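Engineer: Questions regarding the structure given below will be posed in turn.
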Amino acid sequence: MYRSIKELDAPELAQRLDDQPDAIHVIDVREINEFTRGTMPGAKAIPMASIPVRLNELQQDKELVIICRSGARSAQVCRFLQQQGFDKVFNLRGGLMSWTRLGLPIELPQAV
């Protein structure tokens, strides 16, 4: 059964992170070399190709927001996670490009 992907735009995500920061886990599915150049504060790096073998690191009871550069890879990951039984999965519409275009914060990760 095909389900549509739930999406949040950058302002919605920023507001939700402000309101309930512990309820949402942000997963950055870009490659590590992309991630180390900057990501959303608090995002966890799990490259797209690693998602299937690292499912145990994702909590099904938390909202997961999947991010990438433009929203394409993260949309694919959202579909995969839905197929694995994850219901609280959201794609960041427009990816980090939309986030940075609005001047929202980016941080350099300490360690990967």
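Following the order of the structure tokens, first chain is A, next is B, and so on, with residues numbered from 1 inside each chain and ligands from 1 in the order they appear.
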Could you pull out all residues of chain A with a DSSP call of helix (DSSP H, G or I) and give them as number ranges by chain?

Structural biologist: A: 10-19, 21-23, 32-35, 48-57, 72-83, 95-101

Engineer: Store the residues picked out above, limited to N, CA and C atoms, as a compact mmCIF listing (two decimals), in the first residue's frame.

Structural biologist:
```txt
# COMPACT_ATOMS: atom_id res chain seq x y z
N ALA A 10 10.54 24.37 6.35
CA ALA A 10 11.55 24.83 7.31
C ALA A 10 10.96 25.65 8.46
N PRO A 11 10.05 26.61 8.21
CA PRO A 11 9.49 27.34 9.34
C PRO A 11 8.69 26.46 10.30
N GLU A 12 7.93 25.50 9.76
CA GLU A 12 7.18 24.57 10.62
C GLU A 12 8.13 23.75 11.49
N LEU A 13 9.20 23.25 10.90
CA LEU A 13 10.15 22.44 11.65
C LEU A 13 10.84 23.28 12.72
N ALA A 14 11.24 24.48 12.38
CA ALA A 14 11.90 25.35 13.36
C ALA A 14 10.97 25.60 14.55
N GLN A 15 9.70 25.84 14.29
CA GLN A 15 8.74 26.08 15.36
C GLN A 15 8.55 24.83 16.23
N ARG A 16 8.43 23.69 15.59
CA ARG A 16 8.23 22.44 16.34
C ARG A 16 9.46 22.12 17.19
N LEU A 17 10.65 22.38 16.65
CA LEU A 17 11.87 22.15 17.43
C LEU A 17 11.95 23.11 18.62
N ASP A 18 11.47 24.32 18.45
CA ASP A 18 11.43 25.27 19.57
C ASP A 18 10.42 24.83 20.63
N ASP A 19 9.25 24.35 20.17
CA ASP A 19 8.17 23.98 21.08
C ASP A 19 8.44 22.67 21.82
N PRO A 21 11.57 20.24 21.61
CA PRO A 21 12.85 19.75 21.06
C PRO A 21 13.13 18.28 21.34
N ASP A 22 12.62 17.74 22.44
CA ASP A 22 12.90 16.34 22.76
C ASP A 22 11.97 15.36 22.05
N ALA A 23 10.92 15.87 21.42
CA ALA A 23 9.96 14.99 20.77
C ALA A 23 10.35 14.65 19.34
N ILE A 32 28.76 11.62 4.72
CA ILE A 32 29.50 12.20 5.84
C ILE A 32 30.26 13.46 5.42
N ASN A 33 30.85 13.47 4.23
CA ASN A 33 31.57 14.67 3.80
C ASN A 33 30.65 15.88 3.64
N GLU A 34 29.38 15.65 3.33
CA GLU A 34 28.40 16.75 3.28
C GLU A 34 28.02 17.17 4.69
N PHE A 35 27.77 16.20 5.54
CA PHE A 35 27.35 16.46 6.93
C PHE A 35 28.39 17.30 7.66
N MET A 48 22.25 7.81 3.82
CA MET A 48 21.13 7.08 3.22
C MET A 48 21.43 5.59 3.05
N ALA A 49 22.59 5.25 2.54
CA ALA A 49 22.92 3.84 2.30
C ALA A 49 23.03 3.04 3.59
N SER A 50 23.22 3.72 4.72
CA SER A 50 23.37 3.02 6.01
C SER A 50 22.05 2.82 6.74
N ILE A 51 21.00 3.47 6.29
CA ILE A 51 19.71 3.40 7.00
C ILE A 51 19.26 1.95 7.23
N PRO A 52 19.26 1.08 6.22
CA PRO A 52 18.75 -0.28 6.46
C PRO A 52 19.48 -1.04 7.57
N VAL A 53 20.77 -0.84 7.70
CA VAL A 53 21.53 -1.59 8.72
C VAL A 53 21.59 -0.86 10.05
N ARG A 54 21.08 0.37 10.09
CA ARG A 54 21.11 1.14 11.34
C ARG A 54 19.71 1.46 11.86
N LEU A 55 18.70 0.71 11.41
CA LEU A 55 17.32 0.95 11.85
C LEU A 55 17.18 0.91 13.36
N ASN A 56 17.99 0.09 14.02
CA ASN A 56 17.90 -0.03 15.48
C ASN A 56 18.27 1.28 16.19
N GLU A 57 18.87 2.22 15.51
CA GLU A 57 19.21 3.51 16.10
C GLU A 57 18.05 4.50 16.05
N ALA A 72 15.21 15.32 -1.81
CA ALA A 72 14.99 14.14 -2.66
C ALA A 72 15.43 12.85 -1.96
N ARG A 73 16.65 12.81 -1.46
CA ARG A 73 17.12 11.60 -0.78
C ARG A 73 16.30 11.34 0.48
N SER A 74 15.99 12.40 1.20
CA SER A 74 15.23 12.22 2.43
C SER A 74 13.82 11.69 2.14
N ALA A 75 13.24 12.07 1.01
CA ALA A 75 11.92 11.54 0.64
C ALA A 75 12.01 10.04 0.40
N GLN A 76 13.08 9.59 -0.25
CA GLN A 76 13.26 8.15 -0.48
C GLN A 76 13.41 7.41 0.85
N VAL A 77 14.16 8.00 1.78
CA VAL A 77 14.34 7.37 3.09
C VAL A 77 13.01 7.33 3.84
N CYS A 78 12.22 8.38 3.75
CA CYS A 78 10.90 8.39 4.39
C CYS A 78 10.04 7.25 3.88
N ARG A 79 10.04 7.03 2.56
CA ARG A 79 9.26 5.92 1.99
C ARG A 79 9.75 4.59 2.54
N PHE A 80 11.06 4.40 2.57
CA PHE A 80 11.62 3.16 3.10
C PHE A 80 11.22 2.96 4.56
N LEU A 81 11.33 4.01 5.37
CA LEU A 81 10.99 3.89 6.79
C LEU A 81 9.51 3.57 6.98
N GLN A 82 8.65 4.16 6.16
CA GLN A 82 7.23 3.83 6.23
C GLN A 82 7.02 2.35 5.94
N GLN A 83 7.74 1.82 4.97
CA GLN A 83 7.63 0.40 4.63
C GLN A 83 8.10 -0.49 5.79
N GLY A 95 14.74 20.46 1.84
CA GLY A 95 15.99 20.10 2.50
C GLY A 95 16.71 21.26 3.18
N LEU A 96 18.01 21.04 3.38
CA LEU A 96 18.81 22.06 4.05
C LEU A 96 18.91 23.34 3.23
N MET A 97 18.72 23.24 1.93
CA MET A 97 18.73 24.46 1.10
C MET A 97 17.61 25.40 1.55
N SER A 98 16.43 24.85 1.83
CA SER A 98 15.32 25.72 2.28
C SER A 98 15.57 26.24 3.69
N TRP A 99 16.19 25.40 4.53
CA TRP A 99 16.50 25.79 5.90
C TRP A 99 17.47 26.98 5.91
N THR A 100 18.56 26.86 5.15
CA THR A 100 19.57 27.93 5.14
C THR A 100 19.09 29.17 4.41
N ARG A 101 18.25 29.00 3.41
CA ARG A 101 17.71 30.14 2.67
C ARG A 101 16.95 31.08 3.61
```

Engineer: Where in stretch 9-112 of chain A does DSSP assign strand (DSSP E), given as a list in words?

Structural biologist: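 Assigned to strand (DSSP E), within stretch 9-112 of chain A: Ile24, His25, Val26, Ile27, Asp28, Lys44, Ala45, Glu63, Leu64, Val65, Ile66, Ile67, Val89, Phe90, Asn91 and Leu92 of chain A.
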
Engineer: I need the residues from that last selection saved to file as a CSV table (one decimal), in the first residue's frame (with N, CA and C atoms), if you can.

Structural biologist:
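Once everything was written out, this is result.csv:
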```csv
chain,number,residue,atom,x,y,z
A,24,ILE,N,11.3,15.4,18.8
A,24,ILE,CA,11.7,15.2,17.4
A,24,ILE,C,13.2,14.9,17.3
A,25,HIS,N,13.4,13.8,16.5
A,25,HIS,CA,14.8,13.5,16.1
A,25,HIS,C,15.1,13.8,14.7
A,26,VAL,N,16.1,14.6,14.4
A,26,VAL,CA,16.4,15.0,13.1
A,26,VAL,C,17.6,14.1,12.6
A,27,ILE,N,17.3,13.4,11.4
A,27,ILE,CA,18.3,12.5,10.9
A,27,ILE,C,18.8,13.1,9.5
A,28,ASP,N,20.1,13.3,9.4
A,28,ASP,CA,20.7,13.8,8.2
A,28,ASP,C,21.2,12.7,7.4
A,44,LYS,N,21.5,14.1,13.6
A,44,LYS,CA,22.3,12.9,13.7
A,44,LYS,C,22.6,12.4,12.3
A,45,ALA,N,23.8,12.1,12.0
A,45,ALA,CA,24.2,11.6,10.7
A,45,ALA,C,24.0,10.1,10.5
A,63,GLU,N,9.0,11.4,16.7
A,63,GLU,CA,8.9,11.9,15.4
A,63,GLU,C,10.3,12.0,14.8
A,64,LEU,N,10.4,11.5,13.6
A,64,LEU,CA,11.7,11.5,12.9
A,64,LEU,C,11.5,12.5,11.7
A,65,VAL,N,12.4,13.5,11.7
A,65,VAL,CA,12.5,14.4,10.5
A,65,VAL,C,13.7,14.0,9.7
A,66,ILE,N,13.5,13.6,8.5
A,66,ILE,CA,14.7,13.2,7.7
A,66,ILE,C,15.0,14.4,6.8
A,67,ILE,N,16.3,14.7,6.8
A,67,ILE,CA,16.8,15.8,6.0
A,67,ILE,C,18.0,15.4,5.0
A,89,VAL,N,7.2,9.8,10.5
A,89,VAL,CA,8.3,10.2,9.7
A,89,VAL,C,7.9,11.3,8.8
A,90,PHE,N,8.8,12.4,8.8
A,90,PHE,CA,8.5,13.6,8.0
A,90,PHE,C,9.7,13.9,7.2
A,91,ASN,N,9.5,14.4,6.0
A,91,ASN,CA,10.5,14.9,5.1
A,91,ASN,C,10.6,16.4,5.3
A,92,LEU,N,11.9,16.9,5.3
A,92,LEU,CA,12.0,18.4,5.3
A,92,LEU,C,11.9,18.9,3.9
```

Engineer: What is the atom CA of A:Arg37-atom CA of A:Pro109 distance in Å, reported with one decimal?

Structural biologist: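 That distance, rounded to one decimal, is 8.1 Å.
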
Engineer: Let me make sure I understand: among A:Gly94, A:Arg69, A:Pro41, A:Lys88, which one has the smallest atom-to-atom distance to A:Val29 if we use only C-alpha atoms?

Structural biologist: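 Nearest candidate to A:Val29 out of A:Gly94, A:Arg69, A:Pro41, A:Lys88: A:Arg69.
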